[in-house]
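Q: Structure below; questions to follow.
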Amino acid sequence: MILLVVALGANAQGYTLKGTLSGLADGTKVVLVPMSHDSEEPIAEATVSGGRFEISGTVDFPRAVFLQVKDTYGATDLMLENSDITLFANVSKDKAHDGKDRYSFTNVKIEGSPLTDRLLGYLAKRDELDILYNDMHTRFADFSRQLGEARGAHDQARIDSLSNSETGKAMGKAEKEFFDTVEKTFMDMINANLDSYWAPLLTLRLYSYLTPEQAPLYNSMSDAAKQSWYGKKMKSEIFPGGQAGEKAMEFTVKDDNGKALTLAQLAKGKRYVLLDFWASWCAPCRKEIPNVKRQYELYKSKGFEVISISIDKSEEAWRKAVKEEQLEWPNFIDKTNVAKTYSVRAVPSMFLIDVKTMTLVASGNDARGEALATKLAELFK
């Protein structure tokens with residue numbers, strides 16, 4: 001076991017984070033990583049020497065961070081602020097399924113940080129849900145095993161029999177009640193904080209990912225919440241690349257000769273541009289291509305352009321797919337992080353751009369399928 005002690009000082013000029021670590025080897029690095037759904041870089045790092053470390057700095061706003069051993073799994077939550085905080089925890093090390101070191105933080109005790117107390121209070125409610133889930137899992141363990149075996153054997157008759165049994169129906173009811181409880185618990189916490197950064201912070205911390213379906217939740221938050229760092233993170237995930245009416249973000253791609261081309265250059269002389277993020281291995285992307293081709297044939301002479309950017313890791317696979325699909329418009333493989341610029345987390349992701357104003361006309365599902373066809377017919381009528 002490792003006894004972890006962290007101190008974060010009440011300091012109008014910034015914070016000082018001191019730690020005394022028992023059982024951690026000299027040279028071990030500890031980091032503070034911002035909490036979000038993106039792969040954030042650590043905002044602070046320290047090296048353990050003689051069982052101690054120290055970090056000093058300043059934060060412009062309360063930062064929800066993970067305290068962890070660098071390049072390992074496992075962490076403990078902390079609200080980093082310009083004040084003195086003391087944190088005690090037991091830390092034990094084991095191995096994750098991939099062989100990577102994993103540290104477990106237990107018996108955590110934090111003093112001097114009301115914001116951390118508040119965060120951990122919310123997370124304790126989530127932990128109560130974990131207990132409910134484990135109880136339900138234990139209750140139906142034997143049934144779940146039988147159902148798993150039937151699915152593994154592709155025995156549809158057995159699957160149907162189990163699913164329609166009294167136990168199967170009981171498990172279905174229990175699962176629905178559990179997930180309804182989860183949703184209500186999460187939403188109660190978020191809705192109680194719609195006027196501050198706590199609403200988007202909790203949304204990011206409680207949910208593993210966000211989708212456009214959570215747009216009404218985002219829209220219900222105050223301007224202060226939306227303009228916070230957490231609000232902006234939430235927005236970029238729900239509305240990747242932005243919403244209709246917002247400025248399209250400039251980017252640069254490179255052609256086969258290594259020449260850099262900007263969005264403005266690619267769009268020059270056009271009226272509307274469809275920015276299409278895709279991949280050769282993405283079945284929905286390939287399924288969407290015939291629709292895009294139809295729209296391209298209808299409107300290319302009127303000023304419609306398509307720019308496809310592949311997130312493929314294999315250039316060979318990308319070129320093969322471009323040839324198979326016979327794509328006539330500009331195609332690029334993403335070597336300049338354009339997908340990151342547009343907060344693309346999944347493909348296909350599409351953005352329809354008004355070239356005159358360089359603003360988004362539509363994005364997401366509104367720039368695909370029938371919605372795209374309807375929008376283009378309206379724009380080019």
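Residue numbering restarts at 1 in every chain; chains get A, B, ... in the order shown in the structure tokens, and ligands count up from 1 in that same order.
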Which parts of range 199-313 of chain A does DSSP call strand (DSSP E or B) when run on the backbone here, written out as a list of chain:residue names?

A: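 Answer for range 199-313 of chain A, restricted to strand (DSSP E or B): A:Lys247, A:Thr252, A:Val253, A:Lys254, A:Ala260, A:Leu261, A:Thr262, A:Tyr272, A:Val273, A:Leu274, A:Leu275, A:Asp276, A:Phe277, A:Trp278, A:Phe304, A:Glu305, A:Val306, A:Ile307, A:Ser308, A:Ile309, A:Ser310.
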
Q: Include N, CA, C and O atoms and write out the residues we just selected as a JSON list (two decimals), in the first residue's frame.

A:
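Writing done, so here's part.json:
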```json
[["chain", "number", "residue", "atom", "x", "y", "z"],
["A", 247, "LYS", "N", -19.24, 30.36, -37.69],
["A", 247, "LYS", "CA", -18.15, 30.40, -38.66],
["A", 247, "LYS", "C", -17.56, 29.00, -38.87],
["A", 247, "LYS", "O", -17.33, 28.26, -37.92],
["A", 252, "THR", "N", -5.96, 23.53, -43.20],
["A", 252, "THR", "CA", -5.02, 23.30, -44.30],
["A", 252, "THR", "C", -4.85, 21.81, -44.51],
["A", 252, "THR", "O", -4.73, 21.05, -43.54],
["A", 253, "VAL", "N", -4.90, 21.37, -45.76],
["A", 253, "VAL", "CA", -4.63, 19.98, -46.11],
["A", 253, "VAL", "C", -3.47, 19.98, -47.09],
["A", 253, "VAL", "O", -3.06, 21.02, -47.61],
["A", 254, "LYS", "N", -2.93, 18.79, -47.36],
["A", 254, "LYS", "CA", -1.85, 18.67, -48.32],
["A", 254, "LYS", "C", -2.23, 17.72, -49.43],
["A", 254, "LYS", "O", -2.77, 16.64, -49.16],
["A", 260, "ALA", "N", 0.31, 22.68, -49.75],
["A", 260, "ALA", "CA", -0.68, 23.03, -48.73],
["A", 260, "ALA", "C", -1.83, 23.79, -49.37],
["A", 260, "ALA", "O", -1.62, 24.71, -50.16],
["A", 261, "LEU", "N", -3.05, 23.35, -49.04],
["A", 261, "LEU", "CA", -4.25, 24.00, -49.56],
["A", 261, "LEU", "C", -5.18, 24.32, -48.39],
["A", 261, "LEU", "O", -5.41, 23.48, -47.52],
["A", 262, "THR", "N", -5.72, 25.54, -48.37],
["A", 262, "THR", "CA", -6.63, 25.94, -47.31],
["A", 262, "THR", "C", -8.08, 25.73, -47.74],
["A", 262, "THR", "O", -8.37, 25.54, -48.93],
["A", 272, "TYR", "N", -21.38, 26.68, -52.32],
["A", 272, "TYR", "CA", -21.54, 25.86, -51.11],
["A", 272, "TYR", "C", -20.57, 24.68, -51.17],
["A", 272, "TYR", "O", -20.34, 24.11, -52.24],
["A", 273, "VAL", "N", -20.02, 24.34, -50.02],
["A", 273, "VAL", "CA", -19.08, 23.23, -49.93],
["A", 273, "VAL", "C", -19.55, 22.26, -48.86],
["A", 273, "VAL", "O", -19.92, 22.66, -47.76],
["A", 274, "LEU", "N", -19.54, 20.98, -49.21],
["A", 274, "LEU", "CA", -19.84, 19.93, -48.24],
["A", 274, "LEU", "C", -18.51, 19.34, -47.78],
["A", 274, "LEU", "O", -17.77, 18.75, -48.57],
["A", 275, "LEU", "N", -18.20, 19.54, -46.51],
["A", 275, "LEU", "CA", -16.99, 18.97, -45.92],
["A", 275, "LEU", "C", -17.36, 17.62, -45.33],
["A", 275, "LEU", "O", -18.19, 17.52, -44.42],
["A", 276, "ASP", "N", -16.75, 16.57, -45.88],
["A", 276, "ASP", "CA", -17.13, 15.19, -45.56],
["A", 276, "ASP", "C", -15.97, 14.45, -44.92],
["A", 276, "ASP", "O", -14.96, 14.18, -45.57],
["A", 277, "PHE", "N", -16.12, 14.11, -43.64],
["A", 277, "PHE", "CA", -15.12, 13.30, -42.95],
["A", 277, "PHE", "C", -15.59, 11.84, -43.02],
["A", 277, "PHE", "O", -16.73, 11.53, -42.64],
["A", 278, "TRP", "N", -14.70, 10.95, -43.45],
["A", 278, "TRP", "CA", -15.08, 9.56, -43.65],
["A", 278, "TRP", "C", -13.87, 8.66, -43.45],
["A", 278, "TRP", "O", -12.79, 9.12, -43.07],
["A", 304, "PHE", "N", -21.59, 23.87, -56.43],
["A", 304, "PHE", "CA", -21.51, 22.97, -55.28],
["A", 304, "PHE", "C", -20.23, 22.16, -55.35],
["A", 304, "PHE", "O", -19.89, 21.60, -56.40],
["A", 305, "GLU", "N", -19.49, 22.11, -54.24],
["A", 305, "GLU", "CA", -18.27, 21.34, -54.17],
["A", 305, "GLU", "C", -18.31, 20.41, -52.96],
["A", 305, "GLU", "O", -18.97, 20.70, -51.96],
["A", 306, "VAL", "N", -17.61, 19.30, -53.08],
["A", 306, "VAL", "CA", -17.44, 18.37, -51.96],
["A", 306, "VAL", "C", -15.95, 18.25, -51.67],
["A", 306, "VAL", "O", -15.14, 18.16, -52.60],
["A", 307, "ILE", "N", -15.60, 18.27, -50.41],
["A", 307, "ILE", "CA", -14.22, 18.04, -49.98],
["A", 307, "ILE", "C", -14.25, 16.88, -49.00],
["A", 307, "ILE", "O", -14.82, 16.99, -47.91],
["A", 308, "SER", "N", -13.68, 15.76, -49.37],
["A", 308, "SER", "CA", -13.67, 14.59, -48.51],
["A", 308, "SER", "C", -12.32, 14.47, -47.81],
["A", 308, "SER", "O", -11.27, 14.55, -48.47],
["A", 309, "ILE", "N", -12.36, 14.26, -46.52],
["A", 309, "ILE", "CA", -11.14, 14.10, -45.73],
["A", 309, "ILE", "C", -11.24, 12.79, -44.97],
["A", 309, "ILE", "O", -12.13, 12.59, -44.14],
["A", 310, "SER", "N", -10.35, 11.88, -45.28],
["A", 310, "SER", "CA", -10.37, 10.55, -44.67],
["A", 310, "SER", "C", -9.55, 10.55, -43.39],
["A", 310, "SER", "O", -8.46, 11.12, -43.32]]
```

Q: Please run DSSP on the backbone and report, as number ranges by chain, all residues within range 188-364 of chain A that come out as alpha helix (DSSP H).

A: A: 188-191, 198-206, 215-219, 223-227, 229-238, 263-267, 283-299, 315-325, 338-341

Q: Restricting the calculation to only C-alpha atoms, which member of A:Ala199, A:Val33, A:Leu119, A:Ile353 is positioned closest to Gln243 in chain A?

A: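 Selected residue with least distance to Gln243 in chain A: A:Ile353.
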
Q: Measuring atom to atom with only C-alpha atoms, identify which of A:Gly51, A:Pro34, A:Pro42, A:Gly19 is nearest to Met79 in chain A.

A: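 Answer, going by the shortest atom-to-atom distance: A:Pro34.
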
Q: Excluding Tyr230 in chain A and any residue of its chain fewer than 2 positions from it, enumerate the residues within 10 Å of it, using only C-alpha atoms, and give them as a VMD selection string.

A: chain A and resid 35 to 36 63 to 64 197 to 204 225 to 228 232 to 236

Q: Which is closer to Phe186 in chain A than all the others in A:Lys29, A:His137, A:Arg205, A:Lys173, using only C-alpha atoms?

A: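 Selected residue with least distance to Phe186 in chain A: A:Arg205.
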
Q: Can you work out which one of A:Gln214, A:Val48, A:Val361, A:Gly121 has the shortest atom-to-atom distance to Gly242 in chain A, counting only C-alpha atoms?

A: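 Closest residue, counting only C-alpha atoms: A:Val361.
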
Q: Identify which of the residues A:Leu17, A:Lys70, A:Val31, A:Asn82 lies closest to Ile55 in chain A, counting only C-alpha atoms when measuring atom-to-atom distances.

A: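 Closest residue, counting only C-alpha atoms: A:Leu17.
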
Q: At a cut-off of 12 Å, using only C-alpha atoms, what residues contact Asn365 in chain A? Leave out same-chain residues fewer than 6 positions from it and give the result as a ChimeraX atom specification.

A: /A:211-213,238-240,243,288,347-352,371-373,375

Q: Can you write out the residues you just picked, keeping N, CA, C and O atoms, as a PDB file, in the first residue's frame?

A:
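Result file is result-v9.pdb:
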```
ATOM      1  N   THR A 211     -23.939  13.052 -27.397  1.00  0.00           N
ATOM      2  CA  THR A 211     -24.425  13.011 -28.771  1.00  0.00           C
ATOM      3  C   THR A 211     -25.357  14.202 -29.012  1.00  0.00           C
ATOM      4  O   THR A 211     -25.741  14.893 -28.054  1.00  0.00           O
ATOM      5  N   PRO A 212     -25.735  14.461 -30.260  1.00  0.00           N
ATOM      6  CA  PRO A 212     -26.670  15.551 -30.533  1.00  0.00           C
ATOM      7  C   PRO A 212     -27.996  15.421 -29.783  1.00  0.00           C
ATOM      8  O   PRO A 212     -28.719  16.413 -29.628  1.00  0.00           O
ATOM      9  N   GLU A 213     -28.320  14.217 -29.302  1.00  0.00           N
ATOM     10  CA  GLU A 213     -29.552  14.047 -28.534  1.00  0.00           C
ATOM     11  C   GLU A 213     -29.534  14.844 -27.234  1.00  0.00           C
ATOM     12  O   GLU A 213     -30.581  15.121 -26.651  1.00  0.00           O
ATOM     13  N   ILE A 238     -21.287  17.823 -28.632  1.00  0.00           N
ATOM     14  CA  ILE A 238     -22.674  17.713 -29.088  1.00  0.00           C
ATOM     15  C   ILE A 238     -22.834  18.287 -30.488  1.00  0.00           C
ATOM     16  O   ILE A 238     -23.576  17.758 -31.318  1.00  0.00           O
ATOM     17  N   PHE A 239     -22.132  19.386 -30.740  1.00  0.00           N
ATOM     18  CA  PHE A 239     -22.183  20.044 -32.052  1.00  0.00           C
ATOM     19  C   PHE A 239     -20.773  20.074 -32.632  1.00  0.00           C
ATOM     20  O   PHE A 239     -20.156  21.136 -32.731  1.00  0.00           O
ATOM     21  N   PRO A 240     -20.206  18.942 -33.013  1.00  0.00           N
ATOM     22  CA  PRO A 240     -18.842  18.941 -33.533  1.00  0.00           C
ATOM     23  C   PRO A 240     -18.710  19.847 -34.746  1.00  0.00           C
ATOM     24  O   PRO A 240     -19.507  19.776 -35.677  1.00  0.00           O
ATOM     25  N   GLN A 243     -22.417  24.891 -34.953  1.00  0.00           N
ATOM     26  CA  GLN A 243     -23.834  24.854 -35.313  1.00  0.00           C
ATOM     27  C   GLN A 243     -24.091  25.740 -36.529  1.00  0.00           C
ATOM     28  O   GLN A 243     -23.270  26.590 -36.895  1.00  0.00           O
ATOM     29  N   GLU A 288     -23.329   6.334 -47.528  1.00  0.00           N
ATOM     30  CA  GLU A 288     -23.756   7.706 -47.790  1.00  0.00           C
ATOM     31  C   GLU A 288     -23.234   8.234 -49.124  1.00  0.00           C
ATOM     32  O   GLU A 288     -23.802   9.162 -49.708  1.00  0.00           O
ATOM     33  N   VAL A 347     -17.236   8.983 -37.575  1.00  0.00           N
ATOM     34  CA  VAL A 347     -17.556   9.217 -38.975  1.00  0.00           C
ATOM     35  C   VAL A 347     -18.729   8.328 -39.380  1.00  0.00           C
ATOM     36  O   VAL A 347     -18.929   7.265 -38.773  1.00  0.00           O
ATOM     37  N   PRO A 348     -19.534   8.785 -40.375  1.00  0.00           N
ATOM     38  CA  PRO A 348     -19.358  10.025 -41.127  1.00  0.00           C
ATOM     39  C   PRO A 348     -19.753  11.275 -40.325  1.00  0.00           C
ATOM     40  O   PRO A 348     -20.656  11.220 -39.499  1.00  0.00           O
ATOM     41  N   SER A 349     -19.034  12.359 -40.579  1.00  0.00           N
ATOM     42  CA  SER A 349     -19.377  13.676 -40.044  1.00  0.00           C
ATOM     43  C   SER A 349     -19.329  14.652 -41.200  1.00  0.00           C
ATOM     44  O   SER A 349     -18.328  14.719 -41.920  1.00  0.00           O
ATOM     45  N   MET A 350     -20.416  15.406 -41.380  1.00  0.00           N
ATOM     46  CA  MET A 350     -20.517  16.284 -42.544  1.00  0.00           C
ATOM     47  C   MET A 350     -20.906  17.695 -42.135  1.00  0.00           C
ATOM     48  O   MET A 350     -21.683  17.896 -41.197  1.00  0.00           O
ATOM     49  N   PHE A 351     -20.362  18.664 -42.901  1.00  0.00           N
ATOM     50  CA  PHE A 351     -20.615  20.070 -42.628  1.00  0.00           C
ATOM     51  C   PHE A 351     -20.853  20.785 -43.951  1.00  0.00           C
ATOM     52  O   PHE A 351     -20.004  20.735 -44.844  1.00  0.00           O
ATOM     53  N   LEU A 352     -21.997  21.441 -44.086  1.00  0.00           N
ATOM     54  CA  LEU A 352     -22.326  22.194 -45.293  1.00  0.00           C
ATOM     55  C   LEU A 352     -22.003  23.659 -45.040  1.00  0.00           C
ATOM     56  O   LEU A 352     -22.495  24.255 -44.080  1.00  0.00           O
ATOM     57  N   ALA A 371     -31.934  14.956 -45.605  1.00  0.00           N
ATOM     58  CA  ALA A 371     -31.806  16.317 -45.086  1.00  0.00           C
ATOM     59  C   ALA A 371     -30.870  17.137 -45.960  1.00  0.00           C
ATOM     60  O   ALA A 371     -31.122  18.316 -46.242  1.00  0.00           O
ATOM     61  N   LEU A 372     -29.773  16.528 -46.411  1.00  0.00           N
ATOM     62  CA  LEU A 372     -28.842  17.219 -47.300  1.00  0.00           C
ATOM     63  C   LEU A 372     -29.507  17.519 -48.633  1.00  0.00           C
ATOM     64  O   LEU A 372     -29.392  18.639 -49.152  1.00  0.00           O
ATOM     65  N   ALA A 373     -30.200  16.537 -49.188  1.00  0.00           N
ATOM     66  CA  ALA A 373     -30.877  16.741 -50.473  1.00  0.00           C
ATOM     67  C   ALA A 373     -31.890  17.879 -50.376  1.00  0.00           C
ATOM     68  O   ALA A 373     -31.975  18.732 -51.277  1.00  0.00           O
ATOM     69  N   LYS A 375     -31.938  20.390 -48.194  1.00  0.00           N
ATOM     70  CA  LYS A 375     -31.256  21.677 -47.974  1.00  0.00           C
ATOM     71  C   LYS A 375     -30.651  22.208 -49.261  1.00  0.00           C
ATOM     72  O   LYS A 375     -30.770  23.402 -49.591  1.00  0.00           O
TER      73      LYS A 375
END
```

Q: Write out as JSON, numbers by chain which residues come within 10 Å of Ser222 in chain A when counting only C-alpha atoms, dropping same-chain ones fewer than 6 positions away.

A: {"A": [193, 194, 195, 196, 197, 199, 231]}

Q: Suppose you want the space between CA of Phe251 in chain A and CA of Ser363 in chain A; what is it in Å?

A: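 Going from CA of Phe251 in chain A over to CA of Ser363 in chain A, I get 16.9 Å.
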
Q: Might you pull out every residue within 12 Å of Ala124 in chain A, with only C-alpha atoms counted and same-chain residues fewer than 4 positions away left off, and present them as number ranges by chain?

A: A: 77, 116-120, 128-131, 185-186, 189, 206

Q: Pick the closest to Ala44 in chain A from A:Tyr296, A:Tyr73, A:Tyr15, A:Phe61: which is it, counting only C-alpha atoms?

A: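 Closest to Ala44 in chain A, using only C-alpha atoms: A:Tyr15.
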
Q: Work out how far CA of Ile311 in chain A is from CA of Gly364 in chain A, in Å to one decimal.

A: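 So the answer is 16.6 Å.
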
Q: Near Ala317 in chain A, counting only C-alpha atoms, which residues have an atom at most 12 Å away, once you skip same-chain residues fewer than 5 positions from it, shown as a list in words?

A: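 Answer for this query is Ala279, Ser280, Trp281, Cys282, Ser310, Ile311, Asp312, Val322, Lys323, Glu324 and Ile333 of chain A.
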
Q: Could you dump the residues just selected with C-alpha atoms as a PDB file, in the first residue's frame?

A:
```
ATOM      1  CA  ALA A 279     -12.957   6.406 -43.664  1.00  0.00           C
ATOM      2  CA  SER A 280     -12.562   3.424 -45.966  1.00  0.00           C
ATOM      3  CA  TRP A 281     -13.572   1.011 -43.172  1.00  0.00           C
ATOM      4  CA  CYS A 282     -16.704   2.983 -42.225  1.00  0.00           C
ATOM      5  CA  SER A 310     -10.368  10.555 -44.669  1.00  0.00           C
ATOM      6  CA  ILE A 311      -9.322   9.673 -41.131  1.00  0.00           C
ATOM      7  CA  ASP A 312      -7.809   6.395 -42.389  1.00  0.00           C
ATOM      8  CA  VAL A 322     -11.360   6.429 -53.398  1.00  0.00           C
ATOM      9  CA  LYS A 323     -10.734   4.409 -56.566  1.00  0.00           C
ATOM     10  CA  GLU A 324     -13.508   1.916 -55.799  1.00  0.00           C
ATOM     11  CA  ILE A 333      -6.170  11.880 -46.056  1.00  0.00           C
TER      12      ILE A 333
END
```
